>>> print(open('upload_1.cif').read())   # mmCIF, C-alpha atoms
data_query
loop_
_atom_site.label_atom_id
_atom_site.label_comp_id
_atom_site.auth_asym_id
_atom_site.auth_seq_id
_atom_site.Cartn_x
_atom_site.Cartn_y
_atom_site.Cartn_z
CA MET A 322 -4.10 59.61 5.92
CA ARG A 323 -4.33 59.03 9.65
CA TYR A 324 -1.47 59.79 12.03
CA PRO A 325 -0.92 56.17 13.21
CA LEU A 326 0.38 55.32 9.73
CA LEU A 327 3.49 57.33 10.68
CA ASN A 328 4.26 54.54 13.15
CA LEU A 329 5.28 52.46 10.10
CA LEU A 330 5.83 54.76 7.14
CA ALA A 331 9.40 55.01 5.81
CA CYS A 332 11.02 56.35 2.67
CA PRO A 333 10.55 53.73 -0.08
CA MET A 334 13.94 54.56 -1.57
CA CYS A 335 16.40 55.02 1.31
CA LYS A 336 14.15 53.36 3.97
CA ASN A 337 14.77 56.20 6.40
CA PHE A 338 12.34 56.43 9.34
CA PRO A 339 10.48 58.44 10.52
CA LEU A 340 9.18 60.75 7.82
CA ARG A 341 8.33 64.35 8.62
CA LEU A 342 4.72 65.31 7.98
CA TYR A 343 3.54 68.77 6.91
CA VAL A 344 -0.22 69.06 7.04
CA ILE A 345 -2.02 71.35 4.60
CA GLU A 346 -5.64 70.31 5.08
CA LYS A 347 -7.26 67.99 7.57
CA LYS A 348 -10.66 66.77 8.62
CA VAL A 349 -11.85 65.52 12.00
CA SER A 350 -14.24 62.58 12.06
CA GLU A 351 -17.37 62.98 14.17
CA LYS A 352 -17.26 59.37 15.19
CA ASP A 353 -15.75 58.45 18.55
CA TYR A 354 -13.42 55.49 18.70
CA ALA A 355 -12.59 53.43 21.76
CA VAL A 356 -8.85 52.83 21.49
CA ALA A 357 -6.16 51.33 23.68
CA LYS A 358 -3.31 53.60 24.81
CA PRO A 359 -0.75 53.92 23.36
CA PHE A 360 -2.36 53.25 19.99
CA CYS A 361 1.02 53.08 18.26
CA ASP A 362 3.69 50.67 19.45
CA TYR A 363 6.89 52.46 18.42
CA TYR A 364 6.58 55.99 17.07
CA CYS A 365 3.96 58.63 17.79
CA GLY A 366 3.44 60.66 14.60
CA LYS A 367 1.33 63.22 16.38
CA HIS A 368 4.05 64.17 18.87
CA GLU A 369 6.92 63.24 16.52
CA LYS A 370 8.58 61.19 19.24
CA LEU A 371 9.27 57.56 20.09
CA VAL A 372 6.46 56.14 22.21
CA SER A 373 9.03 55.01 24.79
CA SER A 374 9.97 58.66 25.46
CA LEU A 375 6.39 59.83 26.06
CA ASP A 376 4.22 59.95 29.16
CA ILE A 377 1.53 57.47 28.06
CA SER A 378 -1.06 58.77 30.51
CA LYS A 379 -0.97 62.18 28.81
CA LEU A 380 -1.48 60.90 25.26
CA GLU A 381 -4.76 61.67 23.52
CA CYS A 382 -4.90 58.73 21.15
CA GLU A 383 -8.71 58.70 21.01
CA SER A 384 -8.80 62.19 19.53
CA CYS A 385 -5.72 61.64 17.35
CA VAL A 386 -7.27 58.69 15.47
CA LYS A 387 -10.22 60.91 14.48
CA GLU A 388 -8.00 63.24 12.48
CA GLU A 389 -7.56 62.60 8.78
CA VAL A 390 -4.88 64.42 6.79
CA LEU A 391 -6.42 65.24 3.41
CA SER A 392 -3.45 66.99 1.86
CA GLY A 393 0.11 67.41 2.94
CA VAL A 394 3.71 66.51 2.31
CA LEU A 395 5.85 63.73 3.73
CA LEU A 396 9.53 64.57 3.75
CA CYS A 397 12.51 62.24 4.06
CA GLU A 398 15.19 64.19 5.85
CA LYS A 399 17.91 61.72 4.93
CA CYS A 400 17.70 61.64 1.13
CA GLY A 401 15.60 64.78 0.66
CA ARG A 402 12.77 63.10 -1.26
CA TRP A 403 9.23 64.30 -0.71
CA TYR A 404 5.90 62.51 -1.13
CA PRO A 405 2.53 64.20 -1.56
CA ILE A 406 -0.68 63.31 0.27
CA ILE A 407 -3.49 63.86 -2.23
CA ASN A 408 -7.17 63.44 -1.31
CA GLY A 409 -6.14 61.61 1.86
CA ILE A 410 -3.81 59.16 0.10
CA PRO A 411 -0.01 59.18 0.53
CA PHE A 412 1.76 58.72 -2.82
CA MET A 413 4.78 56.65 -1.77
CA TYR A 414 5.95 55.62 -5.23
CA PRO A 415 9.63 54.87 -5.91
CA ASP A 416 11.55 57.14 -8.33
CA SER A 417 10.95 54.92 -11.37
CA ARG A 418 7.20 55.20 -11.10
CA ARG A 419 7.25 58.94 -10.45
CA LEU A 420 8.61 59.40 -13.96
CA HIS A 421 5.34 58.02 -15.38
CA PRO A 422 3.47 60.92 -17.08
CA LYS A 423 0.26 60.18 -15.16
CA VAL A 424 2.00 60.31 -11.76
CA LYS A 425 4.15 63.28 -12.76
CA SER A 426 1.15 65.35 -13.79
CA ARG A 427 -0.64 64.60 -10.48
CA GLU A 428 2.44 65.77 -8.57
CA GLU A 429 2.72 68.93 -10.67
CA GLU A 430 -0.96 69.67 -10.18
CA PHE A 431 -0.48 69.18 -6.43
CA LEU A 432 2.49 71.55 -6.28
CA LYS A 433 0.70 74.19 -8.32
CA LYS A 434 -2.21 74.13 -5.91
CA TYR A 435 -0.40 73.86 -2.56
CA ARG A 436 3.19 74.99 -2.94
CA ASP A 437 2.53 78.45 -1.53
CA LEU A 438 0.82 77.00 1.53
CA LEU A 439 3.91 75.06 2.60
CA PRO A 440 6.45 76.54 5.04
CA SER A 441 9.45 78.02 3.24
CA ASP A 442 11.94 75.40 4.50
CA VAL A 443 9.78 72.64 2.99
CA ARG A 444 9.29 74.61 -0.22
CA GLU A 445 13.04 74.73 -0.66
CA LYS A 446 13.34 70.97 -0.32
CA ILE A 447 10.79 70.04 -2.98
CA LYS A 448 11.47 70.47 -6.65
CA MET B 177 -1.98 51.35 -15.86
CA GLU B 178 -3.92 48.15 -16.44
CA TYR B 179 -5.06 47.93 -12.80
CA ASP B 180 -6.56 51.43 -12.96
CA LEU B 181 -8.63 50.27 -15.92
CA ILE B 182 -10.11 47.27 -14.16
CA ALA B 183 -10.59 49.04 -10.82
CA GLU B 184 -14.11 50.21 -11.50
CA SER B 185 -15.50 46.80 -12.41
CA TYR B 186 -13.38 44.81 -9.94
CA ARG B 187 -15.59 42.93 -7.47
CA ARG B 188 -14.24 40.34 -5.09
CA ARG B 189 -15.40 38.71 -1.89
CA PRO B 190 -12.91 38.33 0.95
CA TRP B 191 -11.20 34.95 1.08
CA GLU B 192 -11.54 33.09 4.39
CA ILE B 193 -7.95 31.86 4.12
CA VAL B 194 -6.60 35.32 5.08
CA SER B 195 -7.22 34.64 8.78
CA LYS B 196 -4.38 32.07 8.67
CA VAL B 197 -1.96 34.99 8.85
CA LEU B 198 -3.19 36.02 12.31
CA SER B 199 -1.42 34.75 15.37
CA GLY B 200 -2.31 35.75 18.91
CA GLU B 201 0.32 38.47 18.69
CA THR B 202 -0.81 40.19 15.50
CA THR B 203 -1.54 43.90 15.81
CA TRP B 204 -0.01 45.48 12.70
CA PHE B 205 -0.40 43.91 9.30
CA ALA B 206 0.07 44.96 5.70
CA ASP B 207 -1.94 43.84 2.68
CA LEU B 208 0.26 44.03 -0.41
CA GLY B 209 -1.63 44.34 -3.69
CA SER B 210 -4.72 45.06 -1.62
CA GLY B 211 -6.94 46.10 -4.52
CA PRO B 212 -10.09 47.72 -3.09
CA GLY B 213 -9.29 46.24 0.34
CA GLN B 214 -11.81 43.44 0.86
CA HIS B 215 -9.35 41.15 2.67
CA SER B 216 -8.14 43.86 5.06
CA ARG B 217 -11.68 44.86 5.97
CA HIS B 218 -12.47 41.21 6.66
CA LEU B 219 -9.47 40.90 9.02
CA ALA B 220 -10.18 44.21 10.75
CA THR B 221 -13.75 43.06 11.41
CA LEU B 222 -12.57 39.75 12.89
CA ASN B 223 -10.31 41.41 15.44
CA GLU B 224 -10.72 44.94 16.72
CA ALA B 225 -7.10 45.25 17.85
CA LEU B 226 -5.78 44.97 14.28
CA ARG B 227 -4.43 47.85 12.22
CA GLY B 228 -3.51 47.41 8.58
CA VAL B 229 -1.65 49.19 5.82
CA LEU B 230 -3.22 48.61 2.42
CA ILE B 231 -0.68 48.90 -0.38
CA ASP B 232 -1.43 48.91 -4.07
CA VAL B 233 0.24 50.43 -7.11
CA SER B 234 -3.05 51.45 -8.72
CA ALA B 235 -4.39 54.88 -7.74
CA GLU B 236 -7.93 53.85 -8.67
CA MET B 237 -7.78 50.73 -6.49
CA ILE B 238 -6.43 52.68 -3.49
CA HIS B 239 -8.99 55.40 -4.02
CA ARG B 240 -11.69 52.71 -3.84
CA ALA B 241 -10.06 51.17 -0.76
CA LEU B 242 -10.28 54.53 1.03
CA LYS B 243 -13.84 55.20 -0.13
CA GLU B 244 -15.12 51.72 0.75
CA THR B 245 -13.61 51.58 4.24
CA PRO B 246 -16.56 52.11 6.60
CA GLU B 247 -16.15 54.85 9.22
CA ASN B 248 -15.97 52.37 12.10
CA LEU B 249 -12.82 50.83 10.57
CA SER B 250 -11.24 53.93 9.05
CA HIS B 251 -9.04 54.68 12.07
CA ARG B 252 -7.44 51.24 11.71
CA LEU B 253 -7.02 50.74 7.94
CA TYR B 254 -4.57 52.94 6.04
CA PRO B 255 -4.52 52.87 2.24
CA VAL B 256 -1.17 53.86 0.67
CA LEU B 257 -0.08 54.09 -2.95
CA ALA B 258 3.21 52.28 -3.38
CA ASP B 259 5.13 49.66 -5.28
CA MET B 260 5.58 46.39 -3.40
CA ARG B 261 9.10 45.97 -4.75
CA GLU B 262 10.06 49.07 -2.70
CA LEU B 263 7.93 49.04 0.44
CA PRO B 264 7.54 52.39 2.23
CA MET B 265 7.75 50.82 5.67
CA ARG B 266 10.39 50.60 8.36
CA SER B 267 12.20 47.31 8.97
CA ASP B 268 10.81 44.84 11.56
CA SER B 269 7.56 46.79 11.81
CA VAL B 270 4.64 44.45 11.07
CA ASP B 271 3.46 41.17 12.60
CA SER B 272 1.73 39.80 9.50
CA LEU B 273 1.78 40.26 5.75
CA LEU B 274 -0.71 39.30 3.05
CA LEU B 275 0.17 38.74 -0.60
CA ILE B 276 -3.21 37.62 -1.92
CA ALA B 277 -3.42 37.08 -5.67
CA SER B 278 -0.82 39.77 -6.22
CA LEU B 279 2.67 38.23 -6.30
CA HIS B 280 1.79 36.31 -9.50
CA HIS B 281 1.38 39.66 -11.29
CA VAL B 282 5.02 40.59 -10.61
CA VAL B 283 7.20 39.73 -13.60
CA PRO B 284 10.13 38.97 -14.01
CA ARG B 285 11.33 36.60 -11.30
CA ALA B 286 14.01 39.00 -10.02
CA ASP B 287 11.22 41.44 -9.09
CA ARG B 288 9.28 38.73 -7.26
CA LEU B 289 12.38 37.90 -5.24
CA ARG B 290 12.91 41.58 -4.53
CA THR B 291 9.29 41.79 -3.33
CA LEU B 292 9.74 38.79 -1.05
CA ARG B 293 12.99 40.21 0.36
CA GLU B 294 11.16 43.47 1.09
CA CYS B 295 8.48 41.42 2.86
CA ARG B 296 11.16 39.80 4.99
CA ARG B 297 12.69 43.18 5.81
CA VAL B 298 9.45 44.78 7.07
CA LEU B 299 8.25 41.73 9.04
CA ARG B 300 9.38 41.40 12.62
CA GLY B 301 11.17 38.20 13.66
CA GLY B 302 8.60 35.42 13.98
CA GLY B 303 6.14 37.35 11.79
CA LEU B 304 3.94 35.53 9.28
CA LEU B 305 3.54 35.93 5.52
CA LEU B 306 0.61 34.40 3.64
CA VAL B 307 1.02 34.11 -0.13
CA VAL B 308 -1.85 32.98 -2.36
CA VAL B 309 -1.23 32.63 -6.09
CA TRP B 310 -3.19 31.32 -9.04
CA ALA B 311 -2.57 27.60 -9.55
CA ARG B 312 -0.60 26.56 -12.61
CA TRP B 313 -2.14 23.11 -12.98
CA GLN B 314 -5.58 24.00 -14.35
CA LYS B 315 -6.29 22.46 -17.74
CA PRO B 316 -7.47 25.55 -19.69
CA LEU B 317 -4.49 27.55 -18.40
CA VAL B 318 -1.97 24.89 -19.33
CA LEU B 319 -3.49 24.76 -22.83
CA GLU B 320 -3.18 28.56 -23.13
CA VAL B 321 0.47 28.41 -22.12
CA LEU B 322 1.18 25.58 -24.57
CA LYS B 323 -0.43 27.55 -27.39
CA ASP B 324 1.83 30.45 -26.48
CA SER B 325 5.02 28.33 -26.53
CA LEU B 326 6.42 30.23 -29.47
CA SER B 327 6.79 33.48 -27.53
CA TYR B 328 8.96 31.62 -25.04
CA VAL B 329 11.06 30.07 -27.81
CA LEU B 330 11.47 33.53 -29.35
CA ARG B 331 12.43 34.87 -25.90
CA ARG B 332 9.57 37.30 -25.78
CA LYS B 333 8.90 36.22 -22.21
CA GLU B 334 11.23 35.22 -19.40
CA SER B 335 9.44 32.15 -18.09
CA PHE B 336 7.55 29.48 -20.00
CA TRP B 337 4.85 29.89 -17.33
CA ASP B 338 4.28 33.63 -17.81
CA ILE B 339 0.97 34.35 -19.47
CA THR B 340 -0.82 37.51 -20.58
CA ARG B 341 -4.61 37.38 -20.47
CA CYS B 342 -6.91 40.08 -21.79
CA SER B 343 -10.46 41.05 -20.94
CA ARG B 344 -12.46 43.72 -22.75
CA VAL B 345 -10.88 46.47 -20.63
CA ALA B 346 -7.28 45.48 -19.95
CA CYS B 347 -4.52 42.90 -20.28
CA ARG B 348 -2.78 41.45 -17.24
CA THR B 349 0.32 39.29 -16.96
CA TYR B 350 0.51 36.33 -14.57
CA HIS B 351 3.29 34.04 -13.58
CA LEU B 352 1.76 30.60 -13.04
CA TYR B 353 3.46 29.09 -10.03
CA SER B 354 3.70 25.47 -8.98
CA VAL B 355 3.70 24.89 -5.21
CA LYS B 356 7.30 23.71 -5.39
CA GLU B 357 8.42 26.88 -7.17
CA LEU B 358 6.61 29.12 -4.68
CA VAL B 359 8.24 27.32 -1.76
CA LYS B 360 11.63 27.65 -3.42
CA GLU B 361 11.27 31.40 -3.99
CA LEU B 362 10.17 31.92 -0.38
CA GLU B 363 13.17 29.95 0.87
CA THR B 364 15.51 31.86 -1.42
CA ALA B 365 14.20 35.09 0.13
CA GLY B 366 15.00 33.71 3.61
CA PHE B 367 11.59 32.48 4.81
CA ARG B 368 10.70 29.13 6.35
CA VAL B 369 7.49 27.65 4.94
CA VAL B 370 5.27 26.28 7.72
CA GLU B 371 2.20 25.30 5.72
CA LYS B 372 1.33 24.91 2.03
CA GLY B 373 -1.51 23.61 -0.08
CA VAL B 374 -4.39 24.21 -2.47
CA TYR B 375 -7.02 26.84 -1.78
CA VAL B 376 -10.34 27.12 -3.59
CA PRO B 377 -12.35 30.14 -2.44
CA GLY B 378 -16.11 30.01 -1.99
CA GLU B 379 -18.39 27.03 -1.57
CA VAL B 380 -19.33 26.59 -5.21
CA ARG B 381 -16.65 25.30 -7.55
CA LYS B 382 -16.13 27.76 -10.39
CA PRO B 383 -13.79 27.33 -13.36
CA LEU B 384 -10.19 28.50 -12.91
CA ASN B 385 -10.51 29.29 -9.23
CA LYS B 386 -7.82 26.99 -7.91
CA ASN B 387 -5.00 28.64 -5.99
CA TYR B 388 -1.87 27.57 -4.17
CA TYR B 389 -0.95 29.02 -0.81
CA CYS B 390 2.07 29.09 1.46
CA LEU B 391 2.27 30.33 5.01
CA ALA B 392 5.83 31.35 5.81
CA ILE B 393 7.62 32.63 8.88
CA LYS B 394 10.52 35.04 9.26
CA THR B 395 13.01 33.17 11.40
#
>>> encode(input="upload_1.cif", output="structure tokens")
Amino acid sequence: MRYPLLNLLACPMCKNFPLRLYVIEKKVSEKDYAVAKPFCDYYCGKHEKLVSSLDISKLECESCVKEEVLSGVLLCEKCGRWYPIINGIPFMYPDSRRLHPKVKSREEEFLKKYRDLLPSDVREKIK
Amino acid sequence: MEYDLIAESYRRRPWEIVSKVLSGETTWFADLGSGPGQHSRHLATLNEALRGVLIDVSAEMIHRALKETPENLSHRLYPVLADMRELPMRSDSVDSLLLIASLHHVVPRADRLRTLRECRRVLRGGGLLLVVVWARWQKPLVLEVLKDSLSYVLRRKESFWDITRCSRVACRTYHLYSVKELVKELETAGFRVVEKGVYVPGEVRKPLNKNYYCLAIKT
């Protein structure tokens, strides 16, 4: 997952925005991208602030778009739900689909592997 | 999940019609039921200012979408696993939305309306939605539905025009829309339809490749 997705991503259940990202693993692409500044129109996920409150000239969008989050957690601070990022893909399923055995086992596998790497305040919020 | 089963063998070319959803103001778009992402890659190649969220419910499809996005587009195309009846996006956030050959897989009707209402929520005012669905009025399909009349009579399916078709690997359900019905559902969800018609992809006519499309605007 790339940071600019946070410009749009909301909780699928309570629709709260923005989501808080906790990065566990990331990779930086070697490719350089020519991008306009600001790259995001509303919310900067990298700085966790609205674009309107940032000094645009100081943003480093060209290096931000090179970063790919491989594993992490997205947390909704309104309803307390959490969503895993597994192999670079955010799992933003609604509750009903998370009950499916196939999805449930992927989430359990994720927690088993990464739970201890998360900060304690996040650990408390995820089941 | 039936769409995980077909993901490996699924091969599709991008459909030229997707560019209808672009207006001069489009920057952010979402491709709902993106599959492996062929339509989004096509759009992102046409215009280098575009960024797109690719949403699909199948983990295998989204995994392919991520893997098949070339590095020169990967900072602008973002695959996400989600259910299009509950979009994980903030309201009024995107300029354009694609529903290409995906809405007809959502059954029953209440779920299709919920999907369209979610589309309306995430689009900004004046934003465009392009829906392409499989055309009902194709002779072999109509015959299949007629043969299956009994399951409708016995109330095993909600709509007379719902049909389940199986290949060697998986079965998929379709709702066969008429243009009139598609327009009506879009209007019920609060859209204004600005263009509608028949779309046949590719230059060579193949069997069962007729589709209906509607371009709608959030007013």
>>> interface_residues(input="upload_1.cif", of="chain B", to="chain A", cutoff="12 Å", atoms="only C-alpha atoms", output="JSON, numbers by chain")
{"B": [177, 180, 203, 204, 205, 206, 224, 225, 226, 227, 228, 229, 230, 231, 232, 233, 234, 235, 236, 237, 238, 239, 240, 241, 242, 243, 246, 247, 248, 249, 250, 251, 252, 253, 254, 255, 256, 257, 258, 259, 260, 261, 262, 263, 264, 265, 266, 267, 268, 269, 270, 271, 294, 297, 298, 299]}
>>> residues_around(input="upload_1.cif", residues="B:Val197", least_positions_apart="6", cutoff="9 Å", atoms="all atoms listed in the file", output="PyMOL selection string")
chain B and resi 272-274+303-306+391
>>> write_last_selection(input="upload_1.cif", atoms="C-alpha atoms", output="short mmCIF file (atom, residue, chain, number, x, y, z; two decimals), in the coordinates of the input")
data_model
loop_
_atom_site.label_atom_id
_atom_site.label_comp_id
_atom_site.auth_asym_id
_atom_site.auth_seq_id
_atom_site.Cartn_x
_atom_site.Cartn_y
_atom_site.Cartn_z
CA SER B 272 1.73 39.80 9.50
CA LEU B 273 1.78 40.26 5.75
CA LEU B 274 -0.71 39.30 3.05
CA GLY B 303 6.14 37.35 11.79
CA LEU B 304 3.94 35.53 9.28
CA LEU B 305 3.54 35.93 5.52
CA LEU B 306 0.61 34.40 3.64
CA LEU B 391 2.27 30.33 5.01
#
>>> closest_residue(input="upload_1.cif", among="B:Ala365, B:Ile339, B:Val359, B:Leu352", to="B:Arg293", atoms="all atoms listed in the file")
B:Ala365
>>> resolve_selection(input="upload_1.cif", expression="the PyMOL selection byres ((chain A and resi 438) around 12)", output="ChimeraX atom specification")
/A:343-346,392-394,431-437,439-444
>>> write_last_selection(input="upload_1.cif", atoms="C-alpha atoms", output="PDB file, in the frame of the given file")
ATOM      1  CA  TYR A 343       3.540  68.770   6.910  1.00  0.00           C
ATOM      2  CA  VAL A 344      -0.220  69.060   7.040  1.00  0.00           C
ATOM      3  CA  ILE A 345      -2.020  71.350   4.600  1.00  0.00           C
ATOM      4  CA  GLU A 346      -5.640  70.310   5.080  1.00  0.00           C
ATOM      5  CA  SER A 392      -3.450  66.990   1.860  1.00  0.00           C
ATOM      6  CA  GLY A 393       0.110  67.410   2.940  1.00  0.00           C
ATOM      7  CA  VAL A 394       3.710  66.510   2.310  1.00  0.00           C
ATOM      8  CA  PHE A 431      -0.480  69.180  -6.430  1.00  0.00           C
ATOM      9  CA  LEU A 432       2.490  71.550  -6.280  1.00  0.00           C
ATOM     10  CA  LYS A 433       0.700  74.190  -8.320  1.00  0.00           C
ATOM     11  CA  LYS A 434      -2.210  74.130  -5.910  1.00  0.00           C
ATOM     12  CA  TYR A 435      -0.400  73.860  -2.560  1.00  0.00           C
ATOM     13  CA  ARG A 436       3.190  74.990  -2.940  1.00  0.00           C
ATOM     14  CA  ASP A 437       2.530  78.450  -1.530  1.00  0.00           C
ATOM     15  CA  LEU A 439       3.910  75.060   2.600  1.00  0.00           C
ATOM     16  CA  PRO A 440       6.450  76.540   5.040  1.00  0.00           C
ATOM     17  CA  SER A 441       9.450  78.020   3.240  1.00  0.00           C
ATOM     18  CA  ASP A 442      11.940  75.400   4.500  1.00  0.00           C
ATOM     19  CA  VAL A 443       9.780  72.640   2.990  1.00  0.00           C
ATOM     20  CA  ARG A 444       9.290  74.610  -0.220  1.00  0.00           C
TER      21      ARG A 444
END
>>> atom_distance(input="upload_1.cif", atom1="atom CA of B:Trp310", atom2="atom CA of B:Asn387")
4.4 Å
>>> resolve_selection(input="upload_1.cif", expression="the PyMOL selection byres ((chain B and resi 214) around 10)", output="PyMOL selection string")
chain B and resi 187-191+210-213+215-219+241+244-245
>>> atom_distance(input="upload_1.cif", atom1="atom CA of B:Phe336", atom2="atom CA of B:Asp287")
16.6 Å
>>> atom_distance(input="upload_1.cif", atom1="atom CA of B:Ser195", atom2="atom CA of B:Gly301")
19.4 Å
>>> resolve_selection(input="upload_1.cif", expression="the PyMOL selection byres ((chain B and resi 343-348) around 10)", output="PDB file with C-alpha atoms, keeping the file's coordinate frame")
ATOM      1  CA  MET B 177      -1.980  51.350 -15.860  1.00  0.00           C
ATOM      2  CA  GLU B 178      -3.920  48.150 -16.440  1.00  0.00           C
ATOM      3  CA  TYR B 179      -5.060  47.930 -12.800  1.00  0.00           C
ATOM      4  CA  ASP B 180      -6.560  51.430 -12.960  1.00  0.00           C
ATOM      5  CA  LEU B 181      -8.630  50.270 -15.920  1.00  0.00           C
ATOM      6  CA  ILE B 182     -10.110  47.270 -14.160  1.00  0.00           C
ATOM      7  CA  SER B 185     -15.500  46.800 -12.410  1.00  0.00           C
ATOM      8  CA  HIS B 281       1.380  39.660 -11.290  1.00  0.00           C
ATOM      9  CA  ILE B 339       0.970  34.350 -19.470  1.00  0.00           C
ATOM     10  CA  THR B 340      -0.820  37.510 -20.580  1.00  0.00           C
ATOM     11  CA  ARG B 341      -4.610  37.380 -20.470  1.00  0.00           C
ATOM     12  CA  CYS B 342      -6.910  40.080 -21.790  1.00  0.00           C
ATOM     13  CA  THR B 349       0.320  39.290 -16.960  1.00  0.00           C
ATOM     14  CA  TYR B 350       0.510  36.330 -14.570  1.00  0.00           C
TER      15      TYR B 350
END
>>> residues_near_point(input="upload_1.cif", point="(5.8, 42.1, -7.9)", cutoff="10 Å", atoms="all atoms listed in the file", output="ChimeraX atom specification")
/B:208-209,259-262,275,278-292
>>> closest_residue(input="upload_1.cif", among="A:Arg341, A:Tyr364, A:Leu380, A:Lys358", to="A:Pro405", atoms="only C-alpha atoms")
A:Arg341
>>> closest_residue(input="upload_1.cif", among="B:Glu357, B:Glu201, B:Glu334, B:Asp207", to="B:Ala311", atoms="all atoms listed in the file")
B:Glu357
>>> build_atoms(input="upload_1.cif", residues="stretch 331-337 of chain B", atoms="all heavy atoms", output="compact mmCIF listing (two decimals), keeping the file's coordinate frame")
# COMPACT_ATOMS: atom_id res chain seq x y z
N ARG B 331 11.96 34.08 -27.05
CA ARG B 331 12.43 34.87 -25.90
C ARG B 331 11.67 36.18 -25.72
O ARG B 331 12.22 37.20 -25.34
CB ARG B 331 13.92 35.16 -26.02
CG ARG B 331 14.69 33.89 -26.24
CD ARG B 331 16.04 33.99 -25.68
NE ARG B 331 16.63 32.64 -25.73
CZ ARG B 331 17.76 32.33 -25.18
NH1 ARG B 331 18.42 33.23 -24.53
NH2 ARG B 331 18.23 31.11 -25.26
N ARG B 332 10.39 36.13 -26.03
CA ARG B 332 9.57 37.30 -25.78
C ARG B 332 9.08 37.33 -24.33
O ARG B 332 8.52 38.31 -23.87
CB ARG B 332 8.35 37.31 -26.72
CG ARG B 332 8.71 37.69 -28.13
CD ARG B 332 7.48 38.14 -28.91
NE ARG B 332 7.77 38.10 -30.33
CZ ARG B 332 7.09 37.37 -31.22
NH1 ARG B 332 6.06 36.64 -30.84
NH2 ARG B 332 7.41 37.40 -32.49
N LYS B 333 9.22 36.23 -23.64
CA LYS B 333 8.90 36.22 -22.21
C LYS B 333 9.97 35.45 -21.45
O LYS B 333 10.62 34.57 -22.01
CB LYS B 333 7.50 35.64 -21.97
CG LYS B 333 7.26 34.24 -22.51
CD LYS B 333 5.83 33.81 -22.23
CE LYS B 333 5.63 32.33 -22.54
NZ LYS B 333 4.24 31.89 -22.30
N GLU B 334 10.13 35.78 -20.17
CA GLU B 334 11.23 35.22 -19.40
C GLU B 334 10.97 33.77 -19.02
O GLU B 334 11.84 32.92 -19.12
CB GLU B 334 11.42 36.05 -18.12
CG GLU B 334 12.59 35.57 -17.29
CD GLU B 334 12.41 35.91 -15.81
OE1 GLU B 334 11.29 35.78 -15.27
OE2 GLU B 334 13.41 36.27 -15.19
N SER B 335 9.75 33.50 -18.56
CA SER B 335 9.44 32.15 -18.09
C SER B 335 8.41 31.52 -19.02
O SER B 335 7.51 32.20 -19.52
CB SER B 335 8.87 32.21 -16.66
OG SER B 335 8.15 31.03 -16.38
N PHE B 336 8.54 30.22 -19.21
CA PHE B 336 7.55 29.48 -20.00
C PHE B 336 6.17 29.65 -19.38
O PHE B 336 5.16 29.67 -20.07
CB PHE B 336 7.95 28.00 -20.03
CG PHE B 336 7.03 27.15 -20.86
CD1 PHE B 336 7.11 27.20 -22.24
CD2 PHE B 336 6.11 26.30 -20.25
CE1 PHE B 336 6.26 26.41 -23.02
CE2 PHE B 336 5.26 25.52 -21.03
CZ PHE B 336 5.33 25.57 -22.42
N TRP B 337 6.13 29.84 -18.05
CA TRP B 337 4.85 29.89 -17.33
C TRP B 337 4.33 31.31 -17.11
O TRP B 337 3.46 31.53 -16.28
CB TRP B 337 4.97 29.14 -16.00
CG TRP B 337 5.18 27.68 -16.23
CD1 TRP B 337 6.36 26.99 -16.11
CD2 TRP B 337 4.22 26.73 -16.68
NE1 TRP B 337 6.17 25.68 -16.46
CE2 TRP B 337 4.87 25.49 -16.80
CE3 TRP B 337 2.85 26.81 -17.00
CZ2 TRP B 337 4.20 24.33 -17.23
CZ3 TRP B 337 2.19 25.66 -17.41
CH2 TRP B 337 2.87 24.44 -17.52
